[in-house]
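Asks: Sending over a structure as structure tokens; questions will come in a sec.
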Amino acid sequence: ERACHMWSSKLWNTLAWVSKPYVSHLCKGQHRSFCGGCGQPPGALTLGMAMEGRRLPCPERITDMVGFAFGVGCCGGFGLTFMRGLRDHPAGHRLSGAFAAAQTRAPQLGHTFALWSGLFHAFECAVSQRHADPNGARSSVDAAICGFLTAGVLSARSGPRAMSTNAVVGGLCVLLVDVVSGNARSH
């Protein structure tokens, strides 16, 4: 119990400090238990609050999600490229070759993730304006529309056939992610 409180307190203090300018208006003094009865420090953002409560307003949401997607793309891209480099480089140069490949490729993958996220959330902000509460929870139909539009715009240079195919696949993939993750909602 005491160790749980110590680690959850440090974790939530760090998260609250890092995200305070962005999400302090989401918390509103409500606190939940993190692991079996440990209290959270006042002002900390709980994991459930960000998903269940109100989301960031549109302009801030776009920049926040672009930064998050860039970080995820860089970290995930570094790890995957590093593992692939360990497998593909010759013995004697595995570690240095894998590290060099991962350093080169990670920012490119981060850029790709950020571009997709920026377009998706820009479309999400535009589509959500038709609701009475645009900053409330989004529906799965809205998410599928945004995935459709994002994939279509990103593949527009490939021609109308590829654009329409990729748009349909993008919309279906986003809808599938919503259903599998349990976030499927309709308004």
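Chain labels run A, B, ... following the order of the structure tokens; each chain numbers its residues from 1, and ligands are numbered from 1 in the order shown.
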I need the residues of segment 65-175 of chain A that end up classed as helix (DSSP H, G or I) by DSSP on the backbone, written out as JSON, numbers by chain.
Replies: {"A": [65, 66, 67, 68, 69, 70, 71, 72, 73, 74, 75, 76, 77, 78, 79, 80, 81, 82, 83, 84, 85, 86, 87, 88, 94, 95, 96, 97, 98, 99, 100, 101, 102, 103, 104, 105, 106, 107, 108, 109, 110, 111, 112, 113, 114, 115, 116, 117, 118, 119, 120, 121, 122, 123, 124, 125, 126, 127, 128, 140, 141, 142, 143, 144, 145, 146, 147, 148, 149, 150, 151, 152, 153, 154, 156, 157, 158, 160, 161, 162, 163, 164, 165, 166, 167, 168, 169, 170, 171, 172, 173, 174, 175]}
Asks: Counting only C-alpha atoms, what is within 10 Å of Leu154 of chain A, bar same-chain residues fewer than 5 positions away, as a ChimeraX atom specification?
Replies: /A:115-116,119,149,163,166-167
Asks: Now that the selection is made, can you save its residues with all heavy atoms as a JSON list (two decimals), in the first residue's frame?
Replies:
```json
[["chain", "number", "residue", "atom", "x", "y", "z"],
["A", 115, "LEU", "N", 1.59, 13.74, -39.34],
["A", 115, "LEU", "CA", 0.81, 14.23, -40.47],
["A", 115, "LEU", "C", -0.58, 13.60, -40.48],
["A", 115, "LEU", "O", -1.59, 14.29, -40.64],
["A", 115, "LEU", "CB", 1.55, 13.92, -41.79],
["A", 115, "LEU", "CG", 0.86, 14.35, -43.07],
["A", 115, "LEU", "CD1", 0.75, 15.86, -43.11],
["A", 115, "LEU", "CD2", 1.63, 13.84, -44.27],
["A", 116, "TRP", "N", -0.63, 12.28, -40.29],
["A", 116, "TRP", "CA", -1.92, 11.59, -40.28],
["A", 116, "TRP", "C", -2.79, 12.11, -39.12],
["A", 116, "TRP", "O", -3.96, 12.41, -39.29],
["A", 116, "TRP", "CB", -1.70, 10.08, -40.14],
["A", 116, "TRP", "CG", -2.87, 9.29, -40.61],
["A", 116, "TRP", "CD1", -3.03, 8.75, -41.86],
["A", 116, "TRP", "CD2", -4.05, 8.96, -39.87],
["A", 116, "TRP", "NE1", -4.24, 8.11, -41.92],
["A", 116, "TRP", "CE2", -4.89, 8.22, -40.72],
["A", 116, "TRP", "CE3", -4.48, 9.22, -38.59],
["A", 116, "TRP", "CZ2", -6.13, 7.74, -40.33],
["A", 116, "TRP", "CZ3", -5.72, 8.74, -38.18],
["A", 116, "TRP", "CH2", -6.52, 8.00, -39.05],
["A", 119, "LEU", "N", -4.12, 15.78, -39.75],
["A", 119, "LEU", "CA", -5.25, 15.81, -40.68],
["A", 119, "LEU", "C", -6.50, 15.21, -40.05],
["A", 119, "LEU", "O", -7.59, 15.75, -40.17],
["A", 119, "LEU", "CB", -4.90, 15.06, -41.97],
["A", 119, "LEU", "CG", -4.12, 15.84, -43.00],
["A", 119, "LEU", "CD1", -3.72, 14.94, -44.14],
["A", 119, "LEU", "CD2", -4.91, 17.02, -43.50],
["A", 149, "LEU", "N", -11.83, 10.75, -44.75],
["A", 149, "LEU", "CA", -11.31, 11.99, -45.33],
["A", 149, "LEU", "C", -9.78, 12.05, -45.26],
["A", 149, "LEU", "O", -9.11, 12.47, -46.22],
["A", 149, "LEU", "CB", -11.93, 13.20, -44.63],
["A", 149, "LEU", "CG", -13.42, 13.41, -44.87],
["A", 149, "LEU", "CD1", -13.95, 14.49, -43.94],
["A", 149, "LEU", "CD2", -13.69, 13.74, -46.32],
["A", 163, "MET", "N", -7.26, 6.84, -54.43],
["A", 163, "MET", "CA", -7.79, 7.73, -53.39],
["A", 163, "MET", "C", -9.08, 7.19, -52.80],
["A", 163, "MET", "O", -9.25, 7.15, -51.58],
["A", 163, "MET", "CB", -8.02, 9.12, -53.98],
["A", 163, "MET", "CG", -8.50, 10.15, -53.01],
["A", 163, "MET", "SD", -8.54, 11.75, -53.83],
["A", 163, "MET", "CE", -10.05, 12.39, -53.21],
["A", 166, "ASN", "N", -8.33, 3.88, -50.79],
["A", 166, "ASN", "CA", -7.67, 4.15, -49.51],
["A", 166, "ASN", "C", -8.59, 4.88, -48.55],
["A", 166, "ASN", "O", -8.52, 4.67, -47.34],
["A", 166, "ASN", "CB", -6.40, 4.97, -49.74],
["A", 166, "ASN", "CG", -5.30, 4.15, -50.36],
["A", 166, "ASN", "OD1", -5.31, 2.93, -50.30],
["A", 166, "ASN", "ND2", -4.35, 4.82, -50.98],
["A", 167, "ALA", "N", -9.47, 5.73, -49.06],
["A", 167, "ALA", "CA", -10.41, 6.43, -48.19],
["A", 167, "ALA", "C", -11.38, 5.46, -47.52],
["A", 167, "ALA", "O", -11.63, 5.55, -46.32],
["A", 167, "ALA", "CB", -11.18, 7.48, -48.99]]
```
Asks: Looking at A:Val153, A:Ala144, A:Ala101, A:Ala106, which one is nearest to Val174 of chain A, with distances taken over only C-alpha atoms?
Replies: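 Going through A:Val153, A:Ala144, A:Ala101, A:Ala106 one by one, the smallest distance to Val174 of chain A is for A:Ala144.
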Asks: Calculate how many Å separate atom CA of Gly152 of chain A from atom CA of Glu124 of chain A, rounding to one decimal.
Replies: 14.4 Å
Asks: Let me make sure I understand: among A:Gly67, A:Pro160, A:Pro107, A:Gly171, which one has the smallest atom-to-atom distance to Thr81 of chain A if we use only C-alpha atoms?
Replies: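 Ranked by minimum distance to Thr81 of chain A, first place goes to A:Pro107.
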Asks: Using only C-alpha atoms, which residue out of A:Arg105, A:Arg138, A:His131, A:His121 lies closest to Leu80 of chain A?
Replies: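 That would be A:Arg105, the residue with the smallest distance to Leu80 of chain A.
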Asks: Please report the interatomic distance between atom CA of Arg161 of chain A and atom CA of Gly77 of chain A in Å with one decimal.
Replies: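 Interatomic distance, atom CA of Arg161 of chain A to atom CA of Gly77 of chain A: 29.5 Å.
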Asks: Under the rule that only C-alpha atoms are counted, which of A:Val169, A:Ala122, A:Val141, A:Ala162 is the nearest residue to Ile62 of chain A?
Replies: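 Residue with the minimum atom-to-atom distance to Ile62 of chain A: A:Ala122.
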Asks: Would you kindly return, as a PyMOL selection string, each protein, DNA or RNA residue with an atom no farther than 9 Å from any atom of Asp88 of chain A, considering only C-alpha atoms and excluding same-chain residues fewer than 6 positions away?
Replies: chain A and resi 94+97-98
Asks: May I have the selected residues written with all heavy atoms, as a short mmCIF file (atom, residue, chain, number, x, y, z; two decimals), in the first residue's frame?
Replies:
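Dumped to result_21.cif:
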```cif
data_model
loop_
_atom_site.label_atom_id
_atom_site.label_comp_id
_atom_site.auth_asym_id
_atom_site.auth_seq_id
_atom_site.Cartn_x
_atom_site.Cartn_y
_atom_site.Cartn_z
N ARG A 94 26.22 -5.21 -36.34
CA ARG A 94 24.79 -5.27 -36.03
C ARG A 94 24.33 -4.10 -35.16
O ARG A 94 23.36 -3.42 -35.49
CB ARG A 94 24.45 -6.58 -35.32
CG ARG A 94 24.44 -7.77 -36.22
CD ARG A 94 23.81 -8.98 -35.53
NE ARG A 94 24.15 -10.20 -36.21
CZ ARG A 94 23.56 -10.63 -37.31
NH1 ARG A 94 22.61 -9.93 -37.86
NH2 ARG A 94 23.92 -11.76 -37.87
N GLY A 97 25.03 -0.59 -36.89
CA GLY A 97 24.18 -0.45 -38.07
C GLY A 97 22.71 -0.30 -37.69
O GLY A 97 21.99 0.53 -38.28
N ALA A 98 22.27 -1.08 -36.71
CA ALA A 98 20.88 -0.99 -36.27
C ALA A 98 20.61 0.36 -35.63
O ALA A 98 19.56 0.98 -35.87
CB ALA A 98 20.57 -2.12 -35.28
#
```
Asks: Pick the closest to Val180 of chain A from A:Arg61, A:Cys125, A:Ser140, A:Pro90: which is it, counting only C-alpha atoms?
Replies: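 Checking each candidate against Val180 of chain A, we get A:Ser140 as the closest.
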Asks: For a quick check of understanding, using only C-alpha atoms, which of A:Ala102, A:Val72, A:Met65, A:Leu56 has the smallest distance to Arg84 of chain A?
Replies: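 Distance minimum relative to Arg84 of chain A lands on A:Ala102.
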Asks: Work out how far apart atom CA of Asp133 of chain A and atom CA of Arg55 of chain A are and give it in Å to one decimal.
Replies: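 Separation of atom CA of Asp133 of chain A and atom CA of Arg55 of chain A: 10.9 Å.
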